[in-house]
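> As input, take protein07.txt (compact mmCIF, C-alpha atoms):
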# COMPACT_ATOMS: atom_id res chain seq x y z
CA MET J 20 -86.11 177.35 -89.65
CA SER J 21 -85.44 180.02 -87.01
CA THR J 22 -84.63 183.65 -87.74
CA LYS J 23 -80.99 183.11 -86.76
CA GLU J 24 -80.68 180.15 -89.12
CA ALA J 25 -82.37 182.07 -91.94
CA ASP J 26 -79.95 184.96 -91.46
CA LEU J 27 -77.03 182.56 -91.60
CA GLN J 28 -78.34 181.00 -94.81
CA LYS J 29 -78.60 184.46 -96.40
CA SER J 30 -75.30 185.82 -95.09
CA GLY J 31 -73.01 183.78 -97.34
CA PRO J 32 -72.27 184.67 -100.97
CA GLN J 33 -74.06 181.42 -102.07
CA THR J 34 -71.32 180.57 -104.57
CA LYS J 35 -71.00 176.94 -103.57
CA ALA J 36 -73.26 174.25 -105.00
CA SER J 37 -72.44 171.62 -102.37
CA ARG J 38 -75.17 170.65 -99.91
CA LEU J 39 -73.40 169.44 -96.79
CA LEU J 40 -74.88 167.71 -93.76
CA VAL J 41 -72.92 168.23 -90.53
CA ILE J 42 -73.47 165.11 -88.41
CA CYS J 43 -72.56 164.85 -84.73
CA VAL J 44 -72.39 161.17 -83.74
CA ASP J 45 -73.21 159.99 -80.20
CA ARG J 46 -72.78 156.23 -80.55
CA ASP J 47 -73.55 155.30 -76.90
CA ASP J 48 -76.67 157.53 -76.76
CA ASP J 49 -75.58 159.71 -73.84
CA ILE J 50 -77.88 162.41 -75.13
CA GLY J 51 -80.85 160.07 -74.79
CA SER J 52 -79.97 158.23 -71.59
CA LYS J 53 -78.79 161.32 -69.68
CA ALA J 54 -80.71 164.26 -71.14
CA GLY J 55 -83.80 162.41 -72.43
CA VAL J 56 -83.42 163.88 -75.93
CA THR J 57 -84.83 161.82 -78.79
CA THR J 58 -82.67 161.73 -81.90
CA PRO J 59 -82.29 162.67 -84.66
CA VAL J 60 -82.04 166.32 -83.66
CA VAL J 61 -82.03 168.52 -86.77
CA GLY J 62 -81.38 172.25 -87.00
CA ARG J 63 -79.06 174.74 -85.36
CA ASN J 64 -81.30 175.85 -82.51
CA ALA J 65 -82.54 172.33 -81.77
CA CYS J 66 -78.96 171.07 -81.57
CA ILE J 67 -77.94 173.92 -79.26
CA GLU J 68 -80.89 173.18 -76.98
CA ALA J 69 -80.02 169.47 -76.91
CA ALA J 70 -76.37 170.27 -76.07
CA GLN J 71 -77.44 172.59 -73.26
CA ARG J 72 -79.72 169.94 -71.76
CA LEU J 73 -76.93 167.36 -71.88
CA ALA J 74 -74.42 169.82 -70.38
CA LEU J 75 -76.82 170.56 -67.52
CA GLU J 76 -77.36 166.86 -66.80
CA ASP J 77 -73.66 165.94 -67.05
CA PRO J 78 -71.26 168.88 -67.37
CA GLU J 79 -68.30 166.51 -67.73
CA ASP J 80 -69.67 164.71 -70.79
CA ALA J 81 -67.70 165.57 -73.93
CA ASP J 82 -70.67 164.93 -76.25
CA SER J 83 -72.20 168.34 -75.45
CA ASN J 84 -68.99 170.00 -76.66
CA SER J 85 -69.12 167.87 -79.81
CA ILE J 86 -72.62 169.16 -80.54
CA PHE J 87 -71.50 172.77 -80.06
CA ALA J 88 -68.54 172.04 -82.36
CA ALA J 89 -70.95 170.66 -84.98
CA VAL J 90 -73.03 173.85 -84.76
CA LYS J 91 -69.87 175.95 -85.13
CA THR J 92 -68.86 173.90 -88.18
CA PHE J 93 -72.34 174.42 -89.63
CA GLU J 94 -72.08 178.19 -89.19
CA ASP J 95 -68.62 178.24 -90.79
CA LEU J 96 -69.92 176.36 -93.82
CA ILE J 97 -72.88 178.72 -94.19
CA SER J 98 -70.58 181.73 -94.01
CA LYS J 99 -68.45 180.23 -96.80
CA GLY J 100 -71.42 179.85 -99.12
CA TYR J 101 -72.34 176.22 -98.62
CA GLN J 102 -75.90 175.02 -98.29
CA ALA J 103 -75.73 173.13 -95.03
CA GLU J 104 -77.70 171.53 -92.23
CA VAL J 105 -76.61 170.25 -88.82
CA ALA J 106 -77.95 167.19 -87.02
CA VAL J 107 -77.24 164.94 -84.05
CA VAL J 108 -77.69 161.15 -84.38
CA SER J 109 -77.23 158.52 -81.69
CA GLY J 110 -77.00 154.76 -81.31
CA THR J 111 -77.87 152.70 -78.26
CA GLU J 112 -76.39 152.50 -74.78
CA ASN J 113 -74.84 149.07 -75.47
CA LYS J 114 -73.60 150.13 -78.94
CA GLY J 115 -73.25 147.09 -81.21
CA VAL J 116 -75.18 146.23 -84.36
CA GLN J 117 -78.55 147.57 -83.20
CA GLY J 118 -77.05 150.93 -82.33
CA ASP J 119 -75.26 151.22 -85.67
CA GLU J 120 -78.47 150.28 -87.51
CA LYS J 121 -80.26 153.05 -85.60
CA ILE J 122 -77.62 155.58 -86.67
CA VAL J 123 -77.89 154.56 -90.32
CA SER J 124 -81.69 154.76 -90.19
CA GLN J 125 -81.58 158.26 -88.69
CA VAL J 126 -79.09 159.48 -91.31
CA LYS J 127 -81.33 158.10 -94.08
CA ASN J 128 -84.35 159.95 -92.66
CA ILE J 129 -82.40 163.21 -92.48
CA VAL J 130 -81.11 162.83 -96.05
CA GLN J 131 -84.69 162.32 -97.28
CA ALA J 132 -85.65 165.71 -95.81
CA PHE J 133 -82.39 167.51 -96.69
CA SER J 134 -80.98 166.11 -99.92
CA ALA J 135 -77.31 166.51 -99.09
CA ASN J 136 -74.53 165.36 -101.40
CA GLY J 137 -71.85 165.20 -98.73
CA ALA J 138 -71.38 164.85 -94.97
CA VAL J 139 -69.06 166.33 -92.35
CA ILE J 140 -68.65 164.08 -89.31
CA VAL J 141 -68.00 165.67 -85.92
CA SER J 142 -67.08 163.38 -83.00
CA ASP J 143 -65.15 163.32 -79.75
CA GLY J 144 -63.19 160.10 -80.27
CA GLU J 145 -62.46 156.94 -82.21
CA ASP J 146 -65.48 155.08 -80.85
CA ASP J 147 -67.94 157.48 -82.48
CA GLU J 148 -65.82 157.54 -85.64
CA SER J 149 -66.13 153.76 -86.00
CA VAL J 150 -69.53 154.30 -87.65
CA ILE J 151 -68.00 156.34 -90.47
CA PRO J 152 -67.88 153.39 -92.93
CA ILE J 153 -71.59 152.61 -92.48
CA ILE J 154 -72.59 156.28 -92.81
CA GLN J 155 -70.50 156.45 -95.96
CA ASN J 156 -72.78 153.83 -97.50
CA VAL J 157 -75.62 156.36 -97.20
CA LEU J 158 -73.82 159.63 -97.88
CA PRO J 159 -70.30 160.49 -99.08
CA ILE J 160 -68.13 161.88 -96.28
CA VAL J 161 -66.05 164.88 -97.27
CA SER J 162 -64.53 165.72 -93.89
CA VAL J 163 -64.10 164.40 -90.36
CA LYS J 164 -63.55 166.69 -87.39
CA ARG J 165 -62.52 165.36 -83.99
CA VAL J 166 -63.20 167.50 -80.93
CA VAL J 167 -60.30 167.35 -78.45
CA MET J 168 -60.93 168.86 -75.00
CA ARG J 169 -58.27 171.15 -73.57
CA VAL J 170 -57.78 169.99 -69.99
CA SER J 171 -55.52 170.75 -67.09
CA ARG J 172 -52.66 168.32 -66.63
CA THR J 173 -51.97 169.14 -63.01
CA VAL J 174 -51.72 166.62 -60.21
CA GLU J 175 -55.10 167.80 -58.91
CA TYR J 176 -56.70 166.96 -62.24
CA SER J 177 -55.16 163.48 -62.18
CA TYR J 178 -56.60 162.89 -58.70
CA ALA J 179 -59.99 164.14 -59.89
CA VAL J 180 -59.97 161.70 -62.81
CA LEU J 181 -58.91 158.86 -60.52
CA GLY J 182 -61.69 159.79 -58.11
CA ARG J 183 -64.29 159.63 -60.89
CA TYR J 184 -63.07 156.18 -61.92
CA LEU J 185 -63.19 154.97 -58.33
CA LYS J 186 -66.70 156.38 -57.98
CA ALA J 187 -67.77 154.53 -61.12
CA VAL J 188 -66.29 151.27 -59.76
CA ALA J 189 -68.06 151.77 -56.43
CA PHE J 190 -71.50 152.96 -57.55
CA ASP J 191 -71.95 151.90 -61.17
CA SER J 192 -73.52 148.43 -61.18
CA LYS J 193 -71.88 147.57 -64.49
CA TYR J 194 -68.43 147.71 -62.85
CA SER J 195 -69.09 147.14 -59.15
CA LYS J 196 -70.46 143.62 -59.68
CA PHE J 197 -67.05 142.47 -60.87
CA PHE J 198 -64.54 144.81 -59.21
CA LEU J 199 -66.22 144.75 -55.79
CA GLY J 200 -68.50 141.70 -55.86
CA VAL J 201 -65.88 139.07 -56.69
CA PRO J 202 -63.23 140.35 -54.21
CA GLY J 203 -66.01 140.64 -51.60
CA ILE J 204 -66.92 136.97 -52.03
CA LEU J 205 -63.27 135.96 -51.79
CA LEU J 206 -62.75 137.99 -48.60
CA VAL J 207 -65.86 136.48 -46.98
CA LEU J 208 -64.66 132.97 -47.87
CA GLY J 209 -61.21 133.79 -46.49
CA GLY J 210 -62.71 135.00 -43.22
CA ILE J 211 -64.84 131.84 -42.86
CA ALA J 212 -61.81 129.68 -43.61
CA THR J 213 -59.75 131.41 -40.90
CA VAL J 214 -62.46 130.91 -38.29
CA LEU J 215 -63.11 127.25 -39.16
CA GLY J 216 -59.49 126.33 -39.79
CA LEU J 217 -60.22 125.16 -43.33
CA THR J 218 -57.63 127.28 -45.08
CA LYS J 219 -56.58 124.69 -47.68
CA GLU J 220 -60.14 123.72 -48.63
CA ILE J 221 -61.42 127.29 -48.83
CA PHE J 222 -58.35 128.34 -50.85
CA ALA J 223 -59.36 125.86 -53.55
CA VAL J 224 -62.91 127.26 -53.49
CA MET J 225 -61.59 130.84 -53.72
CA ILE J 226 -59.44 129.99 -56.73
CA SER J 227 -62.45 128.32 -58.37
CA VAL J 228 -64.66 131.36 -57.72
CA LEU J 229 -62.05 133.75 -59.12
CA GLY J 230 -61.49 131.55 -62.19
CA GLY J 231 -65.23 131.26 -62.76
CA ALA J 232 -65.64 135.04 -62.55
CA PHE J 233 -62.85 135.58 -65.08
CA LEU J 234 -64.42 133.04 -67.48
CA ILE J 235 -67.89 134.57 -67.14
CA ARG J 236 -66.58 138.05 -67.92
CA ALA J 237 -64.17 136.92 -70.65
CA PHE J 238 -66.85 135.09 -72.66
CA ASP J 239 -69.74 137.50 -71.85
CA ILE J 240 -71.69 134.67 -70.22
CA ASP J 241 -73.57 137.10 -67.97
CA ARG J 242 -74.75 139.20 -70.91
CA ALA J 243 -75.67 136.11 -72.91
CA TRP J 244 -77.71 134.80 -69.98
CA SER J 245 -79.50 138.15 -69.60
CA HIS J 246 -80.48 137.98 -73.28
CA TRP J 247 -81.64 134.37 -72.88
CA THR J 248 -83.81 135.18 -69.86
CA LYS J 249 -85.70 138.16 -71.30
CA PRO J 250 -89.44 137.94 -70.46
CA THR J 251 -90.50 137.16 -74.04
CA PRO J 252 -91.93 133.97 -75.59
CA ALA J 253 -88.57 133.33 -77.25
CA GLY J 254 -86.73 133.91 -73.95
CA PHE J 255 -88.97 131.48 -72.01
CA ILE J 256 -88.51 128.82 -74.69
CA ARG J 257 -84.72 129.21 -74.59
CA VAL J 258 -84.59 128.91 -70.79
CA PHE J 259 -86.92 125.88 -70.71
CA THR J 260 -85.11 123.98 -73.46
CA LEU J 261 -81.70 124.87 -72.02
CA VAL J 262 -82.61 123.53 -68.56
CA ALA J 263 -84.26 120.44 -70.07
CA GLY J 264 -81.25 119.84 -72.31
CA ILE J 265 -78.82 120.09 -69.40
CA LEU J 266 -80.94 117.62 -67.40
CA PHE J 267 -80.91 115.18 -70.32
CA VAL J 268 -77.11 115.52 -70.60
CA LEU J 269 -76.71 114.82 -66.87
CA ALA J 270 -79.13 111.87 -67.18
CA SER J 271 -76.99 110.48 -70.00
CA ILE J 272 -74.05 110.13 -67.59
CA THR J 273 -76.28 108.25 -65.15
CA ALA J 274 -77.57 106.04 -67.97
CA GLY J 275 -74.01 105.23 -69.06
CA ILE J 276 -73.02 104.29 -65.52
CA SER J 277 -76.15 102.13 -65.17
CA ALA J 278 -75.26 100.28 -68.38
CA VAL J 279 -71.79 99.45 -67.03
CA THR J 280 -72.75 98.68 -63.39
CA PRO J 281 -74.23 95.14 -63.91
CA HIS J 282 -71.06 94.06 -65.72
CA ILE J 283 -68.78 95.47 -63.00
CA SER J 284 -70.78 93.98 -60.11
CA THR J 285 -69.92 90.45 -61.26
CA THR J 286 -66.20 91.21 -61.56
CA LYS J 287 -63.60 90.49 -58.94
CA PRO J 288 -62.20 93.58 -57.14
CA ASP J 289 -58.66 93.08 -58.47
CA GLU J 290 -59.95 93.10 -62.07
CA ILE J 291 -62.13 96.22 -61.87
CA ILE J 292 -59.31 98.57 -62.96
CA LYS J 293 -58.68 96.44 -66.05
CA ILE J 294 -62.42 96.40 -66.81
CA PHE J 295 -62.59 100.21 -66.80
CA GLY J 296 -59.84 100.36 -69.41
CA SER J 297 -61.36 97.82 -71.77
CA LYS J 298 -63.11 98.68 -75.04
CA GLN J 299 -66.21 96.73 -74.04
CA THR J 300 -66.74 98.78 -70.87
CA ILE J 301 -66.22 102.06 -72.69
CA GLY J 302 -68.54 100.88 -75.44
CA MET J 303 -71.30 99.95 -72.99
CA PHE J 304 -70.95 103.33 -71.26
CA VAL J 305 -71.20 105.23 -74.57
CA GLU J 306 -74.09 103.06 -75.75
CA GLY J 307 -76.01 103.74 -72.54
CA MET J 308 -75.45 107.53 -72.52
CA LEU J 309 -75.72 108.23 -76.28
CA PRO J 310 -79.56 108.43 -76.58
CA PHE J 311 -79.99 110.78 -73.62
CA LEU J 312 -76.96 112.87 -74.62
CA TRP J 313 -78.34 113.34 -78.14
CA MET J 314 -81.80 114.17 -76.78
CA GLY J 315 -80.24 116.84 -74.52
CA ILE J 316 -78.25 118.47 -77.33
CA GLY J 317 -81.28 118.21 -79.63
CA CYS J 318 -83.45 119.88 -76.98
CA ILE J 319 -81.05 122.83 -76.77
CA PHE J 320 -80.84 123.14 -80.58
CA GLY J 321 -84.62 122.83 -80.84
CA GLY J 322 -85.11 125.63 -78.34
CA SER J 323 -82.82 127.87 -80.40
CA LEU J 324 -84.82 126.98 -83.52
CA LEU J 325 -88.18 127.77 -81.90
CA SER J 326 -86.81 131.03 -80.50
CA SER J 327 -85.56 132.14 -83.92
CA TRP J 328 -88.84 131.08 -85.53
CA PHE J 329 -90.92 133.09 -83.04
CA LYS J 330 -88.79 136.16 -83.69
CA GLY J 331 -88.92 135.63 -87.46
CA SER J 332 -85.13 135.54 -87.55
CA ILE J 333 -83.27 134.20 -90.55
CA ARG J 334 -81.06 132.28 -88.09
CA SER J 335 -83.78 129.59 -87.97
CA ILE J 336 -82.31 128.20 -91.20
CA THR J 337 -78.96 127.63 -89.48
CA ASP J 338 -80.73 126.07 -86.48
CA ILE J 339 -82.52 123.60 -88.77
CA LEU J 340 -79.19 122.60 -90.32
CA ARG J 341 -77.72 122.03 -86.84
CA ILE J 342 -80.53 119.59 -85.99
CA ILE J 343 -80.10 117.77 -89.31
CA VAL J 344 -76.37 117.35 -88.67
CA LEU J 345 -77.12 116.10 -85.14
CA VAL J 346 -79.58 113.50 -86.45
CA THR J 347 -77.24 112.25 -89.19
CA LEU J 348 -74.33 111.93 -86.74
CA TYR J 349 -76.23 109.62 -84.39
CA PRO J 350 -76.13 106.42 -86.56
CA ILE J 351 -72.49 107.09 -87.45
CA ILE J 352 -71.38 107.34 -83.81
CA SER J 353 -73.58 104.40 -82.84
CA GLN J 354 -72.02 102.25 -85.58
CA PHE J 355 -68.51 103.35 -84.58
CA ASN J 356 -69.25 102.28 -81.03
CA THR J 357 -70.41 98.87 -82.35
CA VAL J 358 -67.19 98.53 -84.35
CA MET J 359 -65.13 99.24 -81.21
CA THR J 360 -67.01 96.87 -78.88
CA LYS J 361 -67.97 93.96 -81.14
CA ASP J 362 -64.93 93.98 -83.45
CA GLN J 363 -67.00 94.52 -86.59
CA SER J 364 -65.40 95.57 -89.84
CA PRO J 365 -64.68 99.29 -90.13
CA PHE J 366 -66.24 99.15 -93.60
CA THR J 367 -69.66 99.06 -91.92
CA LEU J 368 -69.11 102.78 -91.17
CA ILE J 369 -69.20 103.67 -94.88
CA PRO J 370 -73.00 103.39 -95.49
CA PRO J 371 -74.07 105.69 -92.60
CA LEU J 372 -71.25 108.10 -93.48
CA LEU J 373 -72.33 108.35 -97.13
CA ILE J 374 -76.02 108.61 -96.26
CA GLY J 375 -75.34 111.30 -93.64
CA LEU J 376 -73.12 113.25 -96.03
CA ALA J 377 -75.76 113.13 -98.76
CA VAL J 378 -78.51 114.28 -96.40
CA ILE J 379 -76.37 117.17 -95.11
CA LEU J 380 -75.37 118.31 -98.62
CA VAL J 381 -78.94 118.26 -99.91
CA SER J 382 -80.32 119.96 -96.80
CA ALA J 383 -77.59 122.61 -96.79
CA SER J 384 -78.15 123.38 -100.48
CA LEU J 385 -81.91 123.78 -100.03
CA LEU J 386 -81.60 125.81 -96.83
CA PHE J 387 -78.96 128.21 -98.13
CA HIS J 388 -80.90 128.65 -101.36
CA LYS J 389 -83.86 129.66 -99.22
CA TYR J 390 -81.54 131.89 -97.14
CA ARG J 391 -80.29 133.78 -100.21
CA LYS J 392 -83.82 134.13 -101.52
CA LYS J 393 -85.10 135.44 -98.20
CA LYS J 394 -82.17 137.78 -97.75
CA GLY J 395 -82.66 139.16 -101.25
CA GLY J 396 -86.33 139.72 -100.52
CA GLU J 397 -85.49 141.65 -97.36
CA VAL J 398 -83.04 143.87 -99.22
CA LEU J 399 -85.57 144.60 -101.95
CA SER J 400 -88.28 145.32 -99.40
CA GLU J 401 -86.16 148.01 -97.82
Now, as a test, write the supplied structure out as structure tokens.


Amino acid sequence: MSTKEADLQKSGPQTKASRLLVICVDRDDDIGSKAGVTTPVVGRNACIEAAQRLALEDPEDADSNSIFAAVKTFEDLISKGYQAEVAVVSGTENKGVQGDEKIVSQVKNIVQAFSANGAVIVSDGEDDESVIPIIQNVLPIVSVKRVVMRVSRTVEYSYAVLGRYLKAVAFDSKYSKFFLGVPGILLVLGGIATVLGLTKEIFAVMISVLGGAFLIRAFDIDRAWSHWTKPTPAGFIRVFTLVAGILFVLASITAGISAVTPHISTTKPDEIIKIFGSKQTIGMFVEGMLPFLWMGIGCIFGGSLLSSWFKGSIRSITDILRIIVLVTLYPIISQFNTVMTKDQSPFTLIPPLLIGLAVILVSASLLFHKYRKKKGGEVLSE
């Protein structure tokens, strides 16, 4: 403890019994990514130094002001007789579950060193305050203080803010790929279409590109793919099994067409349309594609299982259940196809249905029993 902090501790009348921990939350880890400060940062002087480093790296970042506000709150509590400590905790740049787990772990470590019985949360917005419920599981929260910046509301300020957003769109790769990349592709396609006189054809391509970009961003396909392609054993397995599974699925379409082709080749041209609408043709197509289709889906599920197993993830139990359901569905669908094409009795579906249901119930019971046991063991081990 520094001399300044010791003086603060002694200055109060020491009439309060509460031991309060003032926590400044930086959920997106600006203090780490911009200033290179490793959290948790504990102590008045350490927090001031961290805030100064962040302010020097990015003077416009509000987190530095939040840290100063946390220090001010700490000094106010000391002057009123509380036993207090101040700390800065941070999550990860992408936020999410891993970042919140990091925050909880840091708070636990601080509480072990400073046995506080209450916390005061200092933040600069609702995003940082979203971690309040999980911190409350570690330490009771007695107060929340939000730091609101006093800013100029002039036209010049509005232009400055707009300029910063435009700069982020132009130079930040997280935004420029979508806001500049997609329109750039569309403009290039439009220019090619004008030169070649293929306006109608290129217009359809442009609409498809724009729709694909919206779908990729809406469902986070780009982020999911980046996680799948990480250079780890689990990532290589996922990529290999995904590509192999897609190839099997595409091969299943070819196999279905091959199963139908010999029957169509002997049919008169005026009867081909009727043949395509018949149950026998549909049944032959499904019968031909079903094995390869199931192998493709099974390959993808198997890759997910191996990936979870390599990482030691509890999700491997769910992946095993997916494969069991896939295996039990195969005879049911195959028998349904036979009923449709060969006019067998629908009652022949009952045995595979009952057997599949029994296998799934038994497997699910065993797997979820193991899941609860494993989860309980993890909780106890913590």

> Skipping near chain neighbours, those fewer than 6 positions away, what residues fall within 10 Å of Pro202 in chain J using only C-alpha atoms, listed as a ChimeraX atom specification?

/J:196,208,225,228-229

> Please tabulate, as a Markdown table, the residues of range 314-381 of chain J that come within 9 Å of range 265-279 of chain J, each with its closest pair of atoms and the distance in Å to one decimal, counting all atoms listed in the file and ordering rows by chain, then residue number upward.


| residue | atom | partner | partner_atom | distance |
| --- | --- | --- | --- | --- |
| J:Met314 | CA | J:Phe267 | CA | 6.6 |
| J:Gly315 | CA | J:Phe267 | CA | 4.6 |
| J:Ile316 | CA | J:Val268 | CA | 7.4 |
| J:Cys318 | CA | J:Phe267 | CA | 8.5 |
| J:Ile319 | CA | J:Ile265 | CA | 8.2 |

> Which residues, written as a list in words, have at least one atom at most 9 Å from Ile339 in chain J, with all atoms listed in the file counted and residues fewer than 3 positions away on the same chain left out?

Phe320, Gly321, Leu324, Arg334, Ser335, Ile336, Ile342, Ile343, Val344 and Leu386 of chain J

> Please measure the separation of CA of Leu372 in chain J and CA of Gln354 in chain J, giving the value in Å to one decimal.

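Spanning CA of Leu372 in chain J to CA of Gln354 in chain J is a straight-line distance of 9.9 Å.
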
> Looking at J:Leu345, J:Ala69, J:Ile369, J:Ile153, which one is nearest to Ile122 in chain J, with distances taken over all atoms listed in the file?

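Closest candidate: J:Ile153.
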
> Mind giving me the straight-line distance from CA of Ser142 in chain J to CA of Gly182 in chain J in Å, one decimal?

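One can read the CA of Ser142 in chain J to CA of Gly182 in chain J distance as 25.7 Å.
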
> For CA of Ile374 in chain J and CA of Leu340 in chain J, determine how far apart the two atoms are, in Å to one decimal place.

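Result for CA of Ile374 in chain J versus CA of Leu340 in chain J: 15.5 Å, one decimal.
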
> From the options J:Glu94, J:Asp47, J:Glu306, J:Asp338, which residue's atoms come nearest to Phe355 in chain J, counting all atoms listed in the file?

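Result for the nearest residue to Phe355 in chain J: J:Glu306.
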
> Between J:Ala263, J:Thr357, J:Arg341, J:Asp45, which one has atoms that come closest to Val305 in chain J, using only C-alpha atoms?

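For Val305 in chain J, the nearest of the given residues is J:Thr357.
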
> Return the single residue from J:Val157, J:Ile129, J:Ile140, J:Leu373 that is closest to Ala89 in chain J, with distances computed using all atoms listed in the file.

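Counting all atoms listed in the file, the residue closest to Ala89 in chain J is J:Ile140.
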
> What's around Leu206 in chain J at 12 Å? Count all atoms listed in the file, leave out sequence neighbours fewer than 5 positions away in its own chain, and write the answer as a list in words.

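Residues meeting the cut-off are Leu199, Gly200, Val201, Ile211, Ala212, Thr213, Ile221, Phe222, Val224, Met225, Ile226, Val228 and Leu229 of chain J.
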
> Taking all atoms of range 76-88 of chain J that the file lists and extending 6 Å past them on each side, where is the centre of the axis-aligned box and how long are its edges? Answer in Å to one decimal, as AutoDock Vina command-line options.


--center_x -72.5 --center_y 168.7 --center_z -74.6 --size_x 21.7 --size_y 20.1 --size_z 27.6

> List the residues sitting within 10 Å of (-68.2, 157.3, -83.6) in the file's frame, using all atoms listed in the file, as a ChimeraX atom specification.

/J:43-47,109-110,119,140-151,165

> Find the residues near range 36-41 of chain J: any atom within 7 Å, counting all atoms listed in the file, skip ones fewer than 4 places away on the same chain, and give them as a list in words.

Ala89, Phe93, Tyr101, Gln102, Ala103, Glu104, Val105, Ala106, Ala135, Asn136, Gly137, Ala138, Val139 and Ile140 of chain J

> Report as a PDB file with C-alpha atoms, keeping the file's coordinate frame all protein, DNA and RNA residues lying within 9 Å of Glu112 in chain J, evaluated on only C-alpha atoms, omitting residues in the same chain fewer than 5 positions from it.


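Result written to selection08.pdb:
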ATOM      1  CA  ARG J  46     -72.780 156.230 -80.550  1.00  0.00           C
ATOM      2  CA  ASP J  47     -73.550 155.300 -76.900  1.00  0.00           C
ATOM      3  CA  ASP J  48     -76.670 157.530 -76.760  1.00  0.00           C
ATOM      4  CA  ASP J  49     -75.580 159.710 -73.840  1.00  0.00           C
ATOM      5  CA  GLY J  51     -80.850 160.070 -74.790  1.00  0.00           C
ATOM      6  CA  SER J  52     -79.970 158.230 -71.590  1.00  0.00           C
ATOM      7  CA  GLY J 118     -77.050 150.930 -82.330  1.00  0.00           C
TER       8      GLY J 118
END
